[in-house]
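Reviewing the structure listed below.
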Amino acid sequence: MATFNFELSTLPPEAEALRDEVRTFLKQELAQFRGADRARSWGGFNRDFSRRMGERGWIGMTWPKKYGGHERTALERYVVLEETLAAGAPVSAHWVADRQSGPLLLRFGTEEQRQRFLPRIARGELAFAIGMSEPDSGSDLASIRTRAEKVAGGYQVNGTKIWTSNAHLSDFAIALFRTKVVPDKKHEGLSQFLVDLKSPGISIRPIIDLAGGHHFNEVHFQDCLVPDDMLVGKDGEGWKQVTTELGFERSGPERYLSSLQLVIELIREAGQEPPERAAALIGHFTAHLVTLRQMSLSIATMLQAGQNPNLEAAVVKDIGTTFEQEIPEAVHALTGAEPRIGSGSEFEKTLGYLVQHAPSFSLRGGTREVLRGIIARGLGLR
């Protein structure tokens with residue numbers, strides 16, 4: 001039977017040396033950001049900020065220099081992620097491209113694709129979306145039906161993707177399409193493609209969430225031609241590739257730091273001599289944060305060593321998002337503060353934002369049920 005592999009890890013000196021530099025940069029960049037602004041965390045989309053991150057060499061940090069990268073370690077990159085998330089920096093314009101689209105192209109893309117896309121991603125110039133989920137598939141990604149049929153010069157795509165975050169703001173998506181129907185073998189016949197979201201035949205419709213925000217979208221393909229040179233990897237090997245991509249998506253500090261700003265605001269609200277119940281809750285949050293950080297750092301160390309910790313990544317994502325969702329509930333129960341939008345104190349507005357958005361934290365990157373199925377299979381329990 002398989003077991004979890006979480007080994008205690010520490011950051012090397014060169015990674016810790018980077019921390020002060022990142023903090024100084026963020027202090028200047030985010031000087032005007034209030035608590036409720038920072039609560040958006042990695043959901044904040046700001047192309048100018050992403051370009052400045054690129055200028056500092058903090059996008060594509062681990063990639064080869066010939067592709068615009070900087071050949072730094074995964075643990076140095078981890079420090080940048082921690083600091084930007086803890087500060088509530090608006091990193092969304094480069095987040096997906098840096099976290100998974102670029103690494104996917106490094107592993108499976110052609111040399112032409114790497115030369116074309118990676119340097120621009122590293123400069124913070126390209127925003128990517130993820131084209132996986134579909135309306136009739138639920139959480140069963142392998143049941144997707146959007147077809148990419150081979151035609152002269154490329155693939156003709158028809159179908160719909162849903163919950164595509166920032167598709168309306170992004171330049172490209174890496175999308176999973178069905179290139180062949182294999183009876184009773186739904187994991188076969190899937191392929192990944194680089195899709196220019198401005199292509200003819202693509203229409204993007206907003207999905208407005210319960211908080212009134214627009215980051216989700218439906219992306220419709222009607223006779224959209226995706227050129228041959230935009231196929232990522234091999235035709236029919238998309239399932240293997242997409243599971244690798246999800247490993248990049250599920251293990252980072254973004255999976256437990258999304259509600260951190262509310263913890264910071266609670267500490268400010270509680271003051272230098274917090275009441276006993278407030279001190280106990282802050283201690284509870286701190287213990288969880290330290291534990292989740294060590295688990296996530298362990299995965300970063302495994303990735304640095306070239307391992308594929310998909311099982312451990314699913315565990316961190318499940319436990320981390322559960323913790324993120326617990327924070328606004330626990331803070332509200334403790335303080336009785338009224339969650340507010342657009343008015344009130346920074347504490348009340350931060351609470352208001354997270355009360356509205358925390359339910360989505362366990363959906364993005366795979367639902368809790370999907371993750372627990374992955375964990376159960378990995379442990380040989382099903």
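Residue numbering restarts at 1 in every chain; chains get A, B, ... in the order shown in the structure tokens, and ligands count up from 1 in that same order.
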Taking a cut-off of 9 Å and counting only C-alpha atoms, can you build a table that, for each residue of range 177-296 of chain A near range 110-117 of chain A, reports the nearest atom pair and how far apart they are in Å (one decimal), sorted by chain then residue number, as JSON lines?
{"residue": "A:Asp229", "atom": "CA", "partner": "A:Gln113", "partner_atom": "CA", "distance": 7.9}
{"residue": "A:Met230", "atom": "CA", "partner": "A:Gln113", "partner_atom": "CA", "distance": 7.7}
{"residue": "A:Leu231", "atom": "CA", "partner": "A:Thr110", "partner_atom": "CA", "distance": 8.8}
{"residue": "A:Val232", "atom": "CA", "partner": "A:Thr110", "partner_atom": "CA", "distance": 7.3}
{"residue": "A:Gly233", "atom": "CA", "partner": "A:Thr110", "partner_atom": "CA", "distance": 7.3}
Run DSSP on the backbone of this structure and report the residues of range 202-280 of chain A it assigns to strand (DSSP E), as an MDAnalysis selection string. chainID A and resid 202:208 214:227 231:232
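In this comparison, which uses only C-alpha atoms, the residue of A:Arg19, A:Lys185, A:Arg120, A:Arg368 approaching Ala97 in chain A most closely is A:Arg120.
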For Ser199 in chain A, please output as JSON, numbers by chain all residues within 12 Å (counting only C-alpha atoms; exclusion window: fewer than 2 positions along the same chain). {"A": [156, 157, 171, 172, 173, 194, 195, 196, 197, 201, 202, 203, 204, 219, 220, 221, 222, 223, 224, 225, 226, 227]}
Would you write out those residues with N, CA, C and O atoms, as a compact mmCIF listing (two decimals), in the first residue's frame?
# COMPACT_ATOMS: atom_id res chain seq x y z
N GLN A 156 -10.07 21.39 -36.19
CA GLN A 156 -11.28 22.20 -36.09
C GLN A 156 -11.99 21.84 -34.78
O GLN A 156 -12.33 20.68 -34.54
N VAL A 157 -12.21 22.86 -33.95
CA VAL A 157 -12.71 22.63 -32.59
C VAL A 157 -14.14 23.10 -32.47
O VAL A 157 -14.50 24.21 -32.88
N ASP A 171 -4.49 35.96 -22.88
CA ASP A 171 -4.07 35.92 -24.28
C ASP A 171 -4.23 34.53 -24.87
O ASP A 171 -4.68 34.38 -26.01
N PHE A 172 -3.86 33.51 -24.10
CA PHE A 172 -3.89 32.13 -24.57
C PHE A 172 -4.48 31.23 -23.49
O PHE A 172 -4.53 31.60 -22.31
N ALA A 173 -4.91 30.05 -23.92
CA ALA A 173 -5.28 28.99 -22.99
C ALA A 173 -4.60 27.71 -23.44
O ALA A 173 -4.36 27.51 -24.64
N LEU A 194 -2.43 24.67 -27.45
CA LEU A 194 -2.31 26.10 -27.20
C LEU A 194 -3.36 26.81 -28.03
O LEU A 194 -3.39 26.64 -29.26
N VAL A 195 -4.21 27.59 -27.39
CA VAL A 195 -5.30 28.24 -28.10
C VAL A 195 -5.19 29.75 -27.94
O VAL A 195 -5.17 30.26 -26.81
N ASP A 196 -5.11 30.46 -29.06
CA ASP A 196 -5.15 31.92 -29.06
C ASP A 196 -6.61 32.33 -28.81
O ASP A 196 -7.49 32.03 -29.62
N LEU A 197 -6.88 32.96 -27.69
CA LEU A 197 -8.26 33.27 -27.31
C LEU A 197 -8.89 34.38 -28.14
O LEU A 197 -10.07 34.66 -27.99
N GLY A 201 -14.07 32.15 -34.25
CA GLY A 201 -14.78 30.95 -33.82
C GLY A 201 -14.82 30.77 -32.32
O GLY A 201 -15.41 29.81 -31.82
N ILE A 202 -14.19 31.70 -31.57
CA ILE A 202 -14.23 31.64 -30.11
C ILE A 202 -15.07 32.79 -29.57
O ILE A 202 -14.86 33.95 -29.94
N SER A 203 -16.03 32.47 -28.72
CA SER A 203 -16.79 33.51 -28.02
C SER A 203 -16.73 33.23 -26.53
O SER A 203 -16.80 32.08 -26.09
N ILE A 204 -16.55 34.30 -25.76
CA ILE A 204 -16.37 34.18 -24.31
C ILE A 204 -17.52 34.90 -23.62
O ILE A 204 -17.75 36.09 -23.85
N VAL A 219 -16.41 29.44 -22.46
CA VAL A 219 -15.68 29.67 -23.71
C VAL A 219 -16.25 28.72 -24.75
O VAL A 219 -16.16 27.50 -24.60
N HIS A 220 -16.85 29.28 -25.80
CA HIS A 220 -17.51 28.49 -26.84
C HIS A 220 -16.64 28.44 -28.09
O HIS A 220 -16.12 29.47 -28.53
N PHE A 221 -16.50 27.25 -28.64
CA PHE A 221 -15.74 27.04 -29.87
C PHE A 221 -16.71 26.60 -30.96
O PHE A 221 -17.44 25.61 -30.79
N GLN A 222 -16.72 27.34 -32.05
CA GLN A 222 -17.55 26.98 -33.19
C GLN A 222 -16.69 27.01 -34.45
O GLN A 222 -16.32 28.07 -34.94
N ASP A 223 -16.35 25.82 -34.94
CA ASP A 223 -15.49 25.69 -36.12
C ASP A 223 -14.22 26.54 -35.98
O ASP A 223 -13.79 27.22 -36.92
N CYS A 224 -13.64 26.50 -34.80
CA CYS A 224 -12.40 27.25 -34.52
C CYS A 224 -11.21 26.42 -34.99
O CYS A 224 -11.05 25.27 -34.58
N LEU A 225 -10.38 26.99 -35.85
CA LEU A 225 -9.21 26.28 -36.36
C LEU A 225 -8.01 26.54 -35.45
O LEU A 225 -7.57 27.67 -35.27
N VAL A 226 -7.48 25.46 -34.87
CA VAL A 226 -6.26 25.53 -34.08
C VAL A 226 -5.15 24.93 -34.94
O VAL A 226 -5.21 23.76 -35.30
N PRO A 227 -4.13 25.71 -35.28
CA PRO A 227 -3.09 25.22 -36.20
C PRO A 227 -2.35 24.00 -35.66
O PRO A 227 -2.26 23.78 -34.46
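Using only C-alpha atoms, the nearest neighbour of Ile130 in chain A within the list A:Leu246, A:Ala89, A:Ile375, A:Ile208 is A:Leu246.
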At a cut-off of 10 Å, using only C-alpha atoms, what residues contact Asp140 in chain A? Leave out same-chain residues fewer than 5 positions from it and give the result as a PyMOL selection string. chain A and resi 133-134+366+370
Distance table requested - range 39-145 of chain A against range 4-11 of chain A, cut-off 9 Å, only C-alpha atoms: one row per qualifying residue with the closest atom pair and its distance in Å to one decimal, ordered by chain and rising residue number, as a Markdown table.
| residue | atom | partner | partner_atom | distance |
| --- | --- | --- | --- | --- |
| A:Leu75 | CA | A:Leu11 | CA | 6.5 |
| A:Glu76 | CA | A:Leu11 | CA | 8.1 |
| A:Val79 | CA | A:Leu11 | CA | 8.6 |
